[in-house]
Structures are given as C-alpha cells and as structure tokens.
Amino acid sequence: MDIREILAKYGQTHLLDGLPEEGREDFLRSLAALDYELLRRRPERGERGEISPIRCMTQWEIQRGRAEYERVGRAAIAGGKVAAVLLAGGQGTRLGADGPKGAVDIGITRPLYIFEQLLENLKAVCKACGVFVPLFVMTSDKNDGTTRAFFREHGYFGYPEEMVRFFVQDMLPSVDFDGKLLLEARGKLVLSPNGNGGWYSSLMRTGILEGFPAVEWFNVFAVDNVLQRIADPLFVGATILSGCASGAKVVRKTDPAERVGVLCLEDGRPSVVEYYELSEEMANARDGDGTLLYGYGVILNYLFSRARLEEIAGEKIPVHVVKKKIPYLDKLGNFVIPETENGYKFETLILDTVRLAGSCLPFEVVREREFAPIKNKEGTDSIESARILLKYNGVEL
Ligand code: UTP
C-alpha cells in the first residue's frame, strides 16, 4: 500500500500538511516503517492471571550458602560470562535535571556523580574477581551524545574505555487523545524512548554482542540506585545454581501498602505486579510466621540468561500506553508546551521480561545496604535520602 493510502486508512493525513521539500522522502520512509496498529492501542487495565506468592531466597539462606554462591559467581565473572547493562535512556522527568540523570552531582564536599558512584560499585567487584566486566550503557537519542561526552570527560571513571560500550535505545512516536500522531516540527514526529523493556532488542541490533561471545548473563540495572551492587558474585552464583533463566534482587516491603512492584507468580510464572494491582487482602496476607506473602519488592536489578533471551527474542513484549504531557506543534504551526496531559506515549517495561523468561530467582537484599534510588527532587527517593544511605554505608560525600 502507498504511504498516502496508509495515512488515510489510519487518519494521519495531517502529517502531510505543509510538509517541506527538504527531508520529505526520509520522513515518508519513516512513516512507512511505523506500526499503526500498535499506535491505536489505548491504556487498559490488563487482565491479570491467577496471582500466587513466589518463594524468595532469603538473606538467611543466602548467608548459609554464601561460600558456594560466591565461588560460582566469581568464577563466572572471572570467565567473562557476566556483562553489566546500565539502563540510562530514561528522561528522569521527576528529578528534572538538565542532561543525563547519571551526570547529576550528589557530592557534598567533593563532586560525586551518579555514574561515578555506580562505576565505583562495579570496580569493587572487578577488583575482587581480577577482571573488568563488560559494561553496556543504554542511552536514548535525547541523551546519547551528552552521556558519551560525560564518560569521556571523566576518563570513564577509571574503567577501561574498551570495556564500555554505548548503545541507543529505540524510539516510538506519541499520539494525541484522538489518536493523531504528534509532530515536533513539520516533517518531524515527536519521538521518545520506548521504555526500558527494549534494551535487549536494541542491544542486539548494534552487533556489540558479537565482540563478547563469552557473555552468558546480563546484569541489568537502573541508573538511579547509587547503592546497588553490580555483577554481585553472590547473586550471580545463586542464580546460576538455581537453574532459573533470570534472577531479581528484591527488598522486603516496609509496609503492606508500599508503592513497589511485587514479585509473585501469575498463572505459575514469575511476574511483577504493581502495588495497585494487589487487592488489600492480598497486600496484607501473611504466612504462619507473620511474613507478608506478597512482601518482596523489585529494585530493578535483574540477571537474565543470554540463551533464554535469544529463545524469547521473537516473542512480543507488551507495550504499555501511558498518558503524558507532550510538547507538540499545533495545526497553526505553533509549538505548544501543554500544562496538562494531552496524549499517549508507548513504552515497554523490563519487568515484563521476567515473565517472558519463565523462571526467576527472587534474591533478597538488605534495603539499607543496596537500595538508595534517586527519583524525586525531594522527600522519598531523592538525592537527600540517598546521601543518608550512602553515608551509612561509609561513602564519603
Ligand atoms: P524510570 O521508570 O525511573 O524512568 O526508569 P525515568 O525516565 O528514569 O524517570 P521519570 O519516570 O521520567 O522520572 C527506570 C530506569 O530505566 C531507565 C531509566 O534511565 C532508569 O535507569 N529507562 C527508562 C530507560 O533506559 N529507557 C526508558 O525509555 C525508560
């Protein structure tokens, strides 16, 4: 079908109004490549399967098996079997910093950048295992150049440059509430990062992995948790020995209503459900010892088996449709920054990969030692709260 016919079929002919000659062909080609059926989706409260609790490897069990987990984990890391994947393609709108979130300085008496603290955490493991773990950094079109430049300017924070690879995640367009594709300028769609669930397909497309044939596990983690252990030998060893295709670091919920995604089983498969998807009864349910049955929240630090990811690469990860405030070009050609939500963005989420993986080891970590996310300007999960936890763990600020 001709692109004009496609646009007519999906009610998108406004994209051709006032289209300049320059760049016209490229724009039409990019329009021809879009998945218009996907763009027709609207937010839905996805039907959940039957939810039941999942067994978690507790701190007590981890400490008991420590020597063995550590031995297996260290051997895997030393053998180049583990790569770290830093998800840094997000826009960090809640924190509202200019530029990449990882470039934010959280120091007090000295500069300490979020990226730097993460690299310090990774370097500690590398030192103990005697190798540098390959580090793949996912950026987006919006922050790729600034992120690379930031690493360069800071000498890769003491990490060998050849072990750090950057890759850009895919982008998806946005639509208004009538389903019309939004433009940033004539001949230019509004595009935004497609969520953190697309990391593996985006990484595959770059061919970077061909240079790392030994890698069997990916430790995928968020940019904003400055306390997390990366390529943690204990976690790696326990996951390998469990025989599961994935592992998820989890923390015990502070109270039944805490707003975190909870790891559980859905129709017998590991799955993450959002706090609002649990009924009050489920959120408060306890076992005989008084432990919450749905009491473990995910902290966005996962291990995935490469072999399993290759197997499921053809399976479609769900796309979530989210209402957002999206700056756009109106019919008269004025650029508008809306004050209220005006359209939908389309995003994939990494937590859906856990379900696709089919098996997962929930691995309990001590919150005060490994969870200090920086999401907000102030209050909970802010620079302030992360500083308190960093100091508690002996990091000089
Ligand atoms: P968040 O869900 O906290 O999103 O991302 P965000 O964009 O960083 O922040 P807000 O919601 O706009 O305030 C969790 C992790 O996933 C990464 C982020 O960089 C962060 O490490 N992410 C998110 C991506 O890499 N790409 C995306 O498209 C979205």
# chains A, B, ... in the order shown; residues from 1 in each chain; ligands from 1
>>> residues_near_ligand(ligand="ligand 1", cutoff="9 Å", atoms="only C-alpha atoms and all ligand atoms", output="ChimeraX atom specification")
/A:86-96,100-102,137-140,169-171,192-199,221-225,300,347-350,373-376
>>> residues_around(residues="A:Arg269", least_positions_apart="2", cutoff="8 Å", atoms="only C-alpha atoms", output="MDAnalysis selection string")
chainID A and resid 265:267 271 355 358:359
>>> select_by_dssp(residues="stretch 27-74 of chain A", states="alpha helix (DSSP H)", output="ChimeraX atom specification")
/A:27-32,36-39,59-64,66-74
>>> closest_residue(among="A:Lys325, A:Arg205, A:His14, A:His320", to="A:Ile337", atoms="only C-alpha atoms")
A:Lys325
>>> residues_around(residues="A:Val125", least_positions_apart="3", cutoff="10 Å", atoms="only C-alpha atoms", output="VMD selection string")
chain A and resid 74 77 120 to 122 128 to 133 229 to 233
>>> residues_around(residues="A:Ala33", least_positions_apart="2", cutoff="12 Å", atoms="only C-alpha atoms", output="PDB file with N, CA, C and O atoms, in the first residue's frame")
ATOM      1  N   ASP A   2       0.491   2.228  -0.754  1.00  0.00           N
ATOM      2  CA  ASP A   2       1.221   3.508  -0.809  1.00  0.00           C
ATOM      3  C   ASP A   2       1.114   4.204   0.562  1.00  0.00           C
ATOM      4  O   ASP A   2       0.089   4.090   1.245  1.00  0.00           O
ATOM      5  N   ILE A   3       2.128   4.952   0.925  1.00  0.00           N
ATOM      6  CA  ILE A   3       2.121   5.569   2.266  1.00  0.00           C
ATOM      7  C   ILE A   3       0.930   6.522   2.433  1.00  0.00           C
ATOM      8  O   ILE A   3       0.341   6.620   3.506  1.00  0.00           O
ATOM      9  N   ILE A   6      -1.943   4.487   3.388  1.00  0.00           N
ATOM     10  CA  ILE A   6      -1.818   4.031   4.796  1.00  0.00           C
ATOM     11  C   ILE A   6      -2.221   5.169   5.734  1.00  0.00           C
ATOM     12  O   ILE A   6      -3.006   4.981   6.666  1.00  0.00           O
ATOM     13  N   LEU A   7      -1.717   6.372   5.444  1.00  0.00           N
ATOM     14  CA  LEU A   7      -2.030   7.515   6.319  1.00  0.00           C
ATOM     15  C   LEU A   7      -3.532   7.800   6.314  1.00  0.00           C
ATOM     16  O   LEU A   7      -4.122   8.094   7.355  1.00  0.00           O
ATOM     17  N   ASP A  26      12.763  11.115   3.384  1.00  0.00           N
ATOM     18  CA  ASP A  26      13.148  10.409   4.627  1.00  0.00           C
ATOM     19  C   ASP A  26      11.956  10.315   5.574  1.00  0.00           C
ATOM     20  O   ASP A  26      11.708   9.289   6.200  1.00  0.00           O
ATOM     21  N   PHE A  27      11.222  11.434   5.668  1.00  0.00           N
ATOM     22  CA  PHE A  27      10.068  11.461   6.564  1.00  0.00           C
ATOM     23  C   PHE A  27       9.028  10.432   6.114  1.00  0.00           C
ATOM     24  O   PHE A  27       8.515   9.654   6.925  1.00  0.00           O
ATOM     25  N   LEU A  28       8.769  10.382   4.814  1.00  0.00           N
ATOM     26  CA  LEU A  28       7.763   9.436   4.315  1.00  0.00           C
ATOM     27  C   LEU A  28       8.217   7.992   4.558  1.00  0.00           C
ATOM     28  O   LEU A  28       7.420   7.131   4.918  1.00  0.00           O
ATOM     29  N   ARG A  29       9.531   7.771   4.391  1.00  0.00           N
ATOM     30  CA  ARG A  29      10.053   6.414   4.655  1.00  0.00           C
ATOM     31  C   ARG A  29       9.869   6.047   6.126  1.00  0.00           C
ATOM     32  O   ARG A  29       9.484   4.937   6.461  1.00  0.00           O
ATOM     33  N   SER A  30      10.138   7.028   7.009  1.00  0.00           N
ATOM     34  CA  SER A  30       9.991   6.719   8.445  1.00  0.00           C
ATOM     35  C   SER A  30       8.517   6.456   8.779  1.00  0.00           C
ATOM     36  O   SER A  30       8.200   5.600   9.606  1.00  0.00           O
ATOM     37  N   LEU A  31       7.616   7.159   8.091  1.00  0.00           N
ATOM     38  CA  LEU A  31       6.182   6.923   8.341  1.00  0.00           C
ATOM     39  C   LEU A  31       5.767   5.533   7.869  1.00  0.00           C
ATOM     40  O   LEU A  31       4.954   4.860   8.499  1.00  0.00           O
ATOM     41  N   ASP A  35       4.365   1.084  13.100  1.00  0.00           N
ATOM     42  CA  ASP A  35       3.366   0.053  13.379  1.00  0.00           C
ATOM     43  C   ASP A  35       2.067   0.768  13.789  1.00  0.00           C
ATOM     44  O   ASP A  35       1.872   1.123  14.954  1.00  0.00           O
ATOM     45  N   TYR A  36       1.184   1.019  12.816  1.00  0.00           N
ATOM     46  CA  TYR A  36      -0.011   1.829  13.084  1.00  0.00           C
ATOM     47  C   TYR A  36      -1.027   1.117  13.976  1.00  0.00           C
ATOM     48  O   TYR A  36      -1.788   1.758  14.685  1.00  0.00           O
ATOM     49  N   GLU A  37      -1.015  -0.203  13.948  1.00  0.00           N
ATOM     50  CA  GLU A  37      -1.929  -0.942  14.831  1.00  0.00           C
ATOM     51  C   GLU A  37      -1.526  -0.708  16.280  1.00  0.00           C
ATOM     52  O   GLU A  37      -2.359  -0.497  17.158  1.00  0.00           O
ATOM     53  N   LEU A 172       9.798   5.607  19.986  1.00  0.00           N
ATOM     54  CA  LEU A 172       8.434   5.413  19.475  1.00  0.00           C
ATOM     55  C   LEU A 172       7.727   6.769  19.430  1.00  0.00           C
ATOM     56  O   LEU A 172       8.003   7.643  20.259  1.00  0.00           O
ATOM     57  N   PRO A 173       6.807   6.943  18.479  1.00  0.00           N
ATOM     58  CA  PRO A 173       6.072   8.209  18.397  1.00  0.00           C
ATOM     59  C   PRO A 173       4.988   8.310  19.471  1.00  0.00           C
ATOM     60  O   PRO A 173       4.734   7.344  20.187  1.00  0.00           O
TER      61      PRO A 173
END
>>> residues_around(residues="A:Gly333", least_positions_apart="5", cutoff="10 Å", atoms="only C-alpha atoms", output="mmCIF file with all heavy atoms, in the first residue's frame")
data_model
loop_
_atom_site.group_PDB
_atom_site.id
_atom_site.type_symbol
_atom_site.label_atom_id
_atom_site.label_comp_id
_atom_site.auth_asym_id
_atom_site.auth_seq_id
_atom_site.Cartn_x
_atom_site.Cartn_y
_atom_site.Cartn_z
ATOM 1 N N GLY A 18 1.626 21.006 4.797
ATOM 2 C CA GLY A 18 2.761 21.939 4.871
ATOM 3 C C GLY A 18 4.112 21.241 4.944
ATOM 4 O O GLY A 18 5.073 21.833 5.437
ATOM 5 N N LEU A 183 3.468 15.987 16.061
ATOM 6 C CA LEU A 183 4.676 16.472 15.384
ATOM 7 C C LEU A 183 5.452 17.412 16.304
ATOM 8 O O LEU A 183 4.868 18.157 17.091
ATOM 9 C CB LEU A 183 4.281 17.258 14.132
ATOM 10 C CG LEU A 183 3.757 16.439 12.952
ATOM 11 C CD1 LEU A 183 3.118 17.363 11.917
ATOM 12 C CD2 LEU A 183 4.873 15.617 12.321
ATOM 13 N N GLU A 184 6.766 17.379 16.107
ATOM 14 C CA GLU A 184 7.623 18.310 16.847
ATOM 15 C C GLU A 184 7.846 19.541 15.962
ATOM 16 O O GLU A 184 7.969 20.669 16.421
ATOM 17 C CB GLU A 184 8.944 17.588 17.082
ATOM 18 C CG GLU A 184 9.876 18.227 18.041
ATOM 19 C CD GLU A 184 11.076 17.320 18.255
ATOM 20 O OE1 GLU A 184 10.924 16.257 18.895
ATOM 21 O OE2 GLU A 184 12.160 17.675 17.754
ATOM 22 N N ALA A 185 7.953 19.273 14.672
ATOM 23 C CA ALA A 185 8.066 20.311 13.648
ATOM 24 C C ALA A 185 7.496 19.692 12.374
ATOM 25 O O ALA A 185 7.263 18.484 12.352
ATOM 26 C CB ALA A 185 9.535 20.683 13.454
ATOM 27 N N ARG A 186 7.291 20.486 11.345
ATOM 28 C CA ARG A 186 6.780 19.891 10.101
ATOM 29 C C ARG A 186 7.808 18.889 9.592
ATOM 30 O O ARG A 186 8.998 19.198 9.521
ATOM 31 C CB ARG A 186 6.557 20.959 9.043
ATOM 32 C CG ARG A 186 5.550 22.003 9.503
ATOM 33 C CD ARG A 186 4.397 22.149 8.525
ATOM 34 N NE ARG A 186 3.587 23.298 8.880
ATOM 35 C CZ ARG A 186 2.487 23.236 9.631
ATOM 36 N NH1 ARG A 186 2.062 22.100 10.122
ATOM 37 N NH2 ARG A 186 1.806 24.338 9.898
ATOM 38 N N TYR A 328 4.157 19.735 21.487
ATOM 39 C CA TYR A 328 3.857 19.394 20.090
ATOM 40 C C TYR A 328 3.608 20.655 19.265
ATOM 41 O O TYR A 328 3.443 21.753 19.817
ATOM 42 C CB TYR A 328 2.608 18.496 20.029
ATOM 43 C CG TYR A 328 1.335 19.235 20.414
ATOM 44 C CD1 TYR A 328 0.417 19.647 19.451
ATOM 45 C CD2 TYR A 328 1.079 19.559 21.750
ATOM 46 C CE1 TYR A 328 -0.722 20.361 19.803
ATOM 47 C CE2 TYR A 328 -0.052 20.270 22.108
ATOM 48 C CZ TYR A 328 -0.950 20.661 21.138
ATOM 49 O OH TYR A 328 -2.062 21.373 21.493
#
>>> atom_distance(atom1="atom CA of A:Val72", atom2="atom CA of A:Pro160")
24.9 Å
>>> residues_around(residues="A:Val85", least_positions_apart="6", cutoff="6 Å", atoms="only C-alpha atoms", output="ChimeraX atom specification")
/A:135-137,219-220
>>> write_last_selection(atoms="N, CA and C atoms", output="compact mmCIF listing (two decimals), in the first residue's frame")
# COMPACT_ATOMS: atom_id res chain seq x y z
N LEU A 135 30.73 -3.44 30.22
CA LEU A 135 29.63 -2.57 30.64
C LEU A 135 28.96 -1.98 29.41
N PHE A 136 27.68 -2.32 29.21
CA PHE A 136 26.92 -1.78 28.09
C PHE A 136 25.97 -0.71 28.63
N VAL A 137 26.09 0.48 28.10
CA VAL A 137 25.28 1.59 28.61
C VAL A 137 24.20 1.95 27.59
N ASN A 219 23.58 -8.57 33.73
CA ASN A 219 23.05 -7.95 34.95
C ASN A 219 22.54 -6.56 34.56
N VAL A 220 21.24 -6.43 34.51
CA VAL A 220 20.61 -5.19 34.02
C VAL A 220 20.19 -4.35 35.23
>>> residues_around(residues="stretch 279-290 of chain A", least_positions_apart="6", cutoff="10 Å", atoms="only C-alpha atoms", output="PDB file with all heavy atoms, in the first residue's frame")
ATOM      1  N   ILE A  51      -2.886 -14.891  40.565  1.00  0.00           N
ATOM      2  CA  ILE A  51      -1.690 -14.465  41.302  1.00  0.00           C
ATOM      3  C   ILE A  51      -1.501 -15.337  42.546  1.00  0.00           C
ATOM      4  O   ILE A  51      -2.451 -15.581  43.288  1.00  0.00           O
ATOM      5  CB  ILE A  51      -1.834 -12.977  41.745  1.00  0.00           C
ATOM      6  CG1 ILE A  51      -2.108 -12.064  40.543  1.00  0.00           C
ATOM      7  CG2 ILE A  51      -0.624 -12.501  42.534  1.00  0.00           C
ATOM      8  CD1 ILE A  51      -0.983 -11.925  39.567  1.00  0.00           C
ATOM      9  N   SER A  52      -0.276 -15.784  42.762  1.00  0.00           N
ATOM     10  CA  SER A  52       0.045 -16.518  43.990  1.00  0.00           C
ATOM     11  C   SER A  52       1.457 -16.116  44.427  1.00  0.00           C
ATOM     12  O   SER A  52       2.221 -15.572  43.632  1.00  0.00           O
ATOM     13  CB  SER A  52      -0.063 -18.032  43.756  1.00  0.00           C
ATOM     14  OG  SER A  52       0.797 -18.408  42.709  1.00  0.00           O
ATOM     15  N   PRO A  53       1.805 -16.376  45.691  1.00  0.00           N
ATOM     16  CA  PRO A  53       3.133 -15.939  46.170  1.00  0.00           C
ATOM     17  C   PRO A  53       4.256 -16.751  45.524  1.00  0.00           C
ATOM     18  O   PRO A  53       4.057 -17.895  45.142  1.00  0.00           O
ATOM     19  CB  PRO A  53       3.082 -16.230  47.673  1.00  0.00           C
ATOM     20  CG  PRO A  53       1.665 -16.511  47.995  1.00  0.00           C
ATOM     21  CD  PRO A  53       1.003 -16.975  46.753  1.00  0.00           C
ATOM     22  N   ASP A 255       6.076  -1.680  54.435  1.00  0.00           N
ATOM     23  CA  ASP A 255       4.729  -1.914  54.952  1.00  0.00           C
ATOM     24  C   ASP A 255       3.870  -2.425  53.801  1.00  0.00           C
ATOM     25  O   ASP A 255       4.240  -2.278  52.636  1.00  0.00           O
ATOM     26  CB  ASP A 255       4.153  -0.650  55.623  1.00  0.00           C
ATOM     27  CG  ASP A 255       3.657   0.351  54.628  1.00  0.00           C
ATOM     28  OD1 ASP A 255       4.462   1.193  54.200  1.00  0.00           O
ATOM     29  OD2 ASP A 255       2.465   0.293  54.280  1.00  0.00           O
ATOM     30  N   PRO A 256       2.740  -3.071  54.119  1.00  0.00           N
ATOM     31  CA  PRO A 256       1.967  -3.733  53.071  1.00  0.00           C
ATOM     32  C   PRO A 256       1.567  -2.818  51.920  1.00  0.00           C
ATOM     33  O   PRO A 256       1.397  -3.267  50.794  1.00  0.00           O
ATOM     34  CB  PRO A 256       0.721  -4.235  53.815  1.00  0.00           C
ATOM     35  CG  PRO A 256       1.115  -4.318  55.241  1.00  0.00           C
ATOM     36  CD  PRO A 256       2.148  -3.259  55.466  1.00  0.00           C
ATOM     37  N   ALA A 257       1.446  -1.509  52.214  1.00  0.00           N
ATOM     38  CA  ALA A 257       0.950  -0.596  51.177  1.00  0.00           C
ATOM     39  C   ALA A 257       2.073   0.070  50.389  1.00  0.00           C
ATOM     40  O   ALA A 257       1.822   0.921  49.539  1.00  0.00           O
ATOM     41  CB  ALA A 257       0.079   0.467  51.832  1.00  0.00           C
ATOM     42  N   GLU A 258       3.332  -0.304  50.645  1.00  0.00           N
ATOM     43  CA  GLU A 258       4.435   0.374  49.957  1.00  0.00           C
ATOM     44  C   GLU A 258       4.265   0.299  48.432  1.00  0.00           C
ATOM     45  O   GLU A 258       3.903  -0.738  47.874  1.00  0.00           O
ATOM     46  CB  GLU A 258       5.784  -0.252  50.355  1.00  0.00           C
ATOM     47  CG  GLU A 258       6.929   0.616  49.869  1.00  0.00           C
ATOM     48  CD  GLU A 258       8.308  -0.002  50.087  1.00  0.00           C
ATOM     49  OE1 GLU A 258       8.425  -1.017  50.782  1.00  0.00           O
ATOM     50  OE2 GLU A 258       9.254   0.562  49.525  1.00  0.00           O
ATOM     51  N   VAL A 262       5.695  -5.856  43.029  1.00  0.00           N
ATOM     52  CA  VAL A 262       5.928  -7.040  43.863  1.00  0.00           C
ATOM     53  C   VAL A 262       6.131  -8.267  42.978  1.00  0.00           C
ATOM     54  O   VAL A 262       5.394  -8.479  42.016  1.00  0.00           O
ATOM     55  CB  VAL A 262       4.708  -7.249  44.796  1.00  0.00           C
ATOM     56  CG1 VAL A 262       4.752  -8.606  45.470  1.00  0.00           C
ATOM     57  CG2 VAL A 262       4.675  -6.159  45.838  1.00  0.00           C
TER      58      VAL A 262
END
>>> atom_distance(atom1="atom CA of A:Leu397", atom2="atom CA of A:Asn301")
24.2 Å
>>> select_by_dssp(residues="stretch 150-180 of chain A", states="strand (DSSP E or B)", output="VMD selection string")
chain A and resid 164 to 168 171 to 173 175 to 176
>>> atom_distance(atom1="atom CA of A:Val168", atom2="atom CA of A:Gly145")
10.0 Å
>>> closest_residue(among="A:Gln228, A:Ser246, A:Ser202, A:Thr146", to="A:Leu361", atoms="only C-alpha atoms")
A:Ser246
>>> closest_residue(among="A:Arg369, A:Arg148, A:Arg66, A:His154", to="A:Phe167", atoms="only C-alpha atoms")
A:Arg148
>>> closest_residue(among="A:Val175, A:Ile54, A:Val354, A:Val366", to="A:Gly11", atoms="only C-alpha atoms")
A:Val175
>>> closest_residue(among="A:Tyr156, A:Phe177, A:Tyr276, A:Phe218", to="A:Arg41", atoms="only C-alpha atoms")
A:Phe177
>>> closest_residue(among="A:Val215, A:Met57, A:Ile106, A:Ala78", to="A:Ile383", atoms="only C-alpha atoms")
A:Ile106
>>> decode(residues="stretch 106-134 of chain A", atoms="N, CA and C atoms", output="CSV table (one decimal), in the first residue's frame")
chain,number,residue,atom,x,y,z
A,106,ILE,N,26.0,14.3,43.2
A,106,ILE,CA,25.3,14.1,44.5
A,106,ILE,C,26.3,14.3,45.7
A,107,GLY,N,27.5,14.8,45.4
A,107,GLY,CA,28.5,15.0,46.4
A,107,GLY,C,28.2,16.2,47.3
A,108,ILE,N,28.9,16.3,48.4
A,108,ILE,CA,28.7,17.5,49.3
A,108,ILE,C,30.0,18.3,49.4
A,109,THR,N,31.1,17.6,49.8
A,109,THR,CA,32.4,18.3,49.9
A,109,THR,C,33.3,18.1,48.7
A,110,ARG,N,32.8,17.2,47.8
A,110,ARG,CA,33.6,16.9,46.6
A,110,ARG,C,32.5,16.5,45.5
A,111,PRO,N,32.9,16.6,44.2
A,111,PRO,CA,31.9,16.2,43.2
A,111,PRO,C,31.8,14.7,43.3
A,112,LEU,N,30.6,14.1,43.2
A,112,LEU,CA,30.4,12.7,43.1
A,112,LEU,C,29.2,12.5,42.2
A,113,TYR,N,29.5,12.1,41.0
A,113,TYR,CA,28.4,11.9,40.0
A,113,TYR,C,27.7,10.6,40.2
A,114,ILE,N,26.5,10.5,39.8
A,114,ILE,CA,25.8,9.2,39.9
A,114,ILE,C,26.5,8.1,39.1
A,115,PHE,N,26.9,8.4,37.9
A,115,PHE,CA,27.6,7.5,37.1
A,115,PHE,C,28.9,7.0,37.8
A,116,GLU,N,29.6,8.0,38.4
A,116,GLU,CA,30.8,7.7,39.1
A,116,GLU,C,30.6,6.7,40.3
A,117,GLN,N,29.6,6.9,41.0
A,117,GLN,CA,29.3,6.1,42.2
A,117,GLN,C,28.9,4.6,41.7
A,118,LEU,N,28.2,4.6,40.6
A,118,LEU,CA,27.9,3.2,40.0
A,118,LEU,C,29.1,2.5,39.6
A,119,LEU,N,30.0,3.3,38.9
A,119,LEU,CA,31.3,2.7,38.4
A,119,LEU,C,32.2,2.2,39.6
A,120,GLU,N,32.1,3.0,40.7
A,120,GLU,CA,32.9,2.6,41.9
A,120,GLU,C,32.3,1.3,42.4
A,121,ASN,N,31.0,1.1,42.4
A,121,ASN,CA,30.4,-0.1,42.9
A,121,ASN,C,30.9,-1.3,42.0
A,122,LEU,N,30.9,-1.0,40.7
A,122,LEU,CA,31.3,-2.1,39.8
A,122,LEU,C,32.8,-2.4,39.9
A,123,LYS,N,33.6,-1.4,40.0
A,123,LYS,CA,35.0,-1.6,40.1
A,123,LYS,C,35.4,-2.5,41.3
A,124,ALA,N,34.6,-2.3,42.4
A,124,ALA,CA,34.9,-3.1,43.6
A,124,ALA,C,34.8,-4.6,43.3
A,125,VAL,N,33.8,-5.0,42.5
A,125,VAL,CA,33.7,-6.4,42.1
A,125,VAL,C,34.8,-6.8,41.2
A,126,CYS,N,35.1,-5.9,40.2
A,126,CYS,CA,36.1,-6.2,39.2
A,126,CYS,C,37.5,-6.5,40.0
A,127,LYS,N,37.7,-5.7,41.0
A,127,LYS,CA,39.0,-5.9,41.7
A,127,LYS,C,39.0,-7.2,42.4
A,128,ALA,N,37.9,-7.6,43.0
A,128,ALA,CA,37.8,-8.8,43.7
A,128,ALA,C,37.9,-10.0,42.8
A,129,CYS,N,37.5,-9.9,41.6
A,129,CYS,CA,37.4,-11.0,40.6
A,129,CYS,C,38.6,-11.0,39.6
A,130,GLY,N,39.3,-9.9,39.6
A,130,GLY,CA,40.5,-9.8,38.8
A,130,GLY,C,40.2,-9.6,37.3
A,131,VAL,N,39.0,-9.1,36.9
A,131,VAL,CA,38.7,-8.9,35.5
A,131,VAL,C,37.8,-7.6,35.4
A,132,PHE,N,37.8,-7.0,34.3
A,132,PHE,CA,36.8,-5.9,34.1
A,132,PHE,C,35.6,-6.5,33.4
A,133,VAL,N,34.5,-6.3,34.0
A,133,VAL,CA,33.2,-6.8,33.5
A,133,VAL,C,32.8,-5.9,32.3
A,134,PRO,N,32.4,-6.4,31.1
A,134,PRO,CA,31.9,-5.5,30.0
A,134,PRO,C,30.7,-4.7,30.5
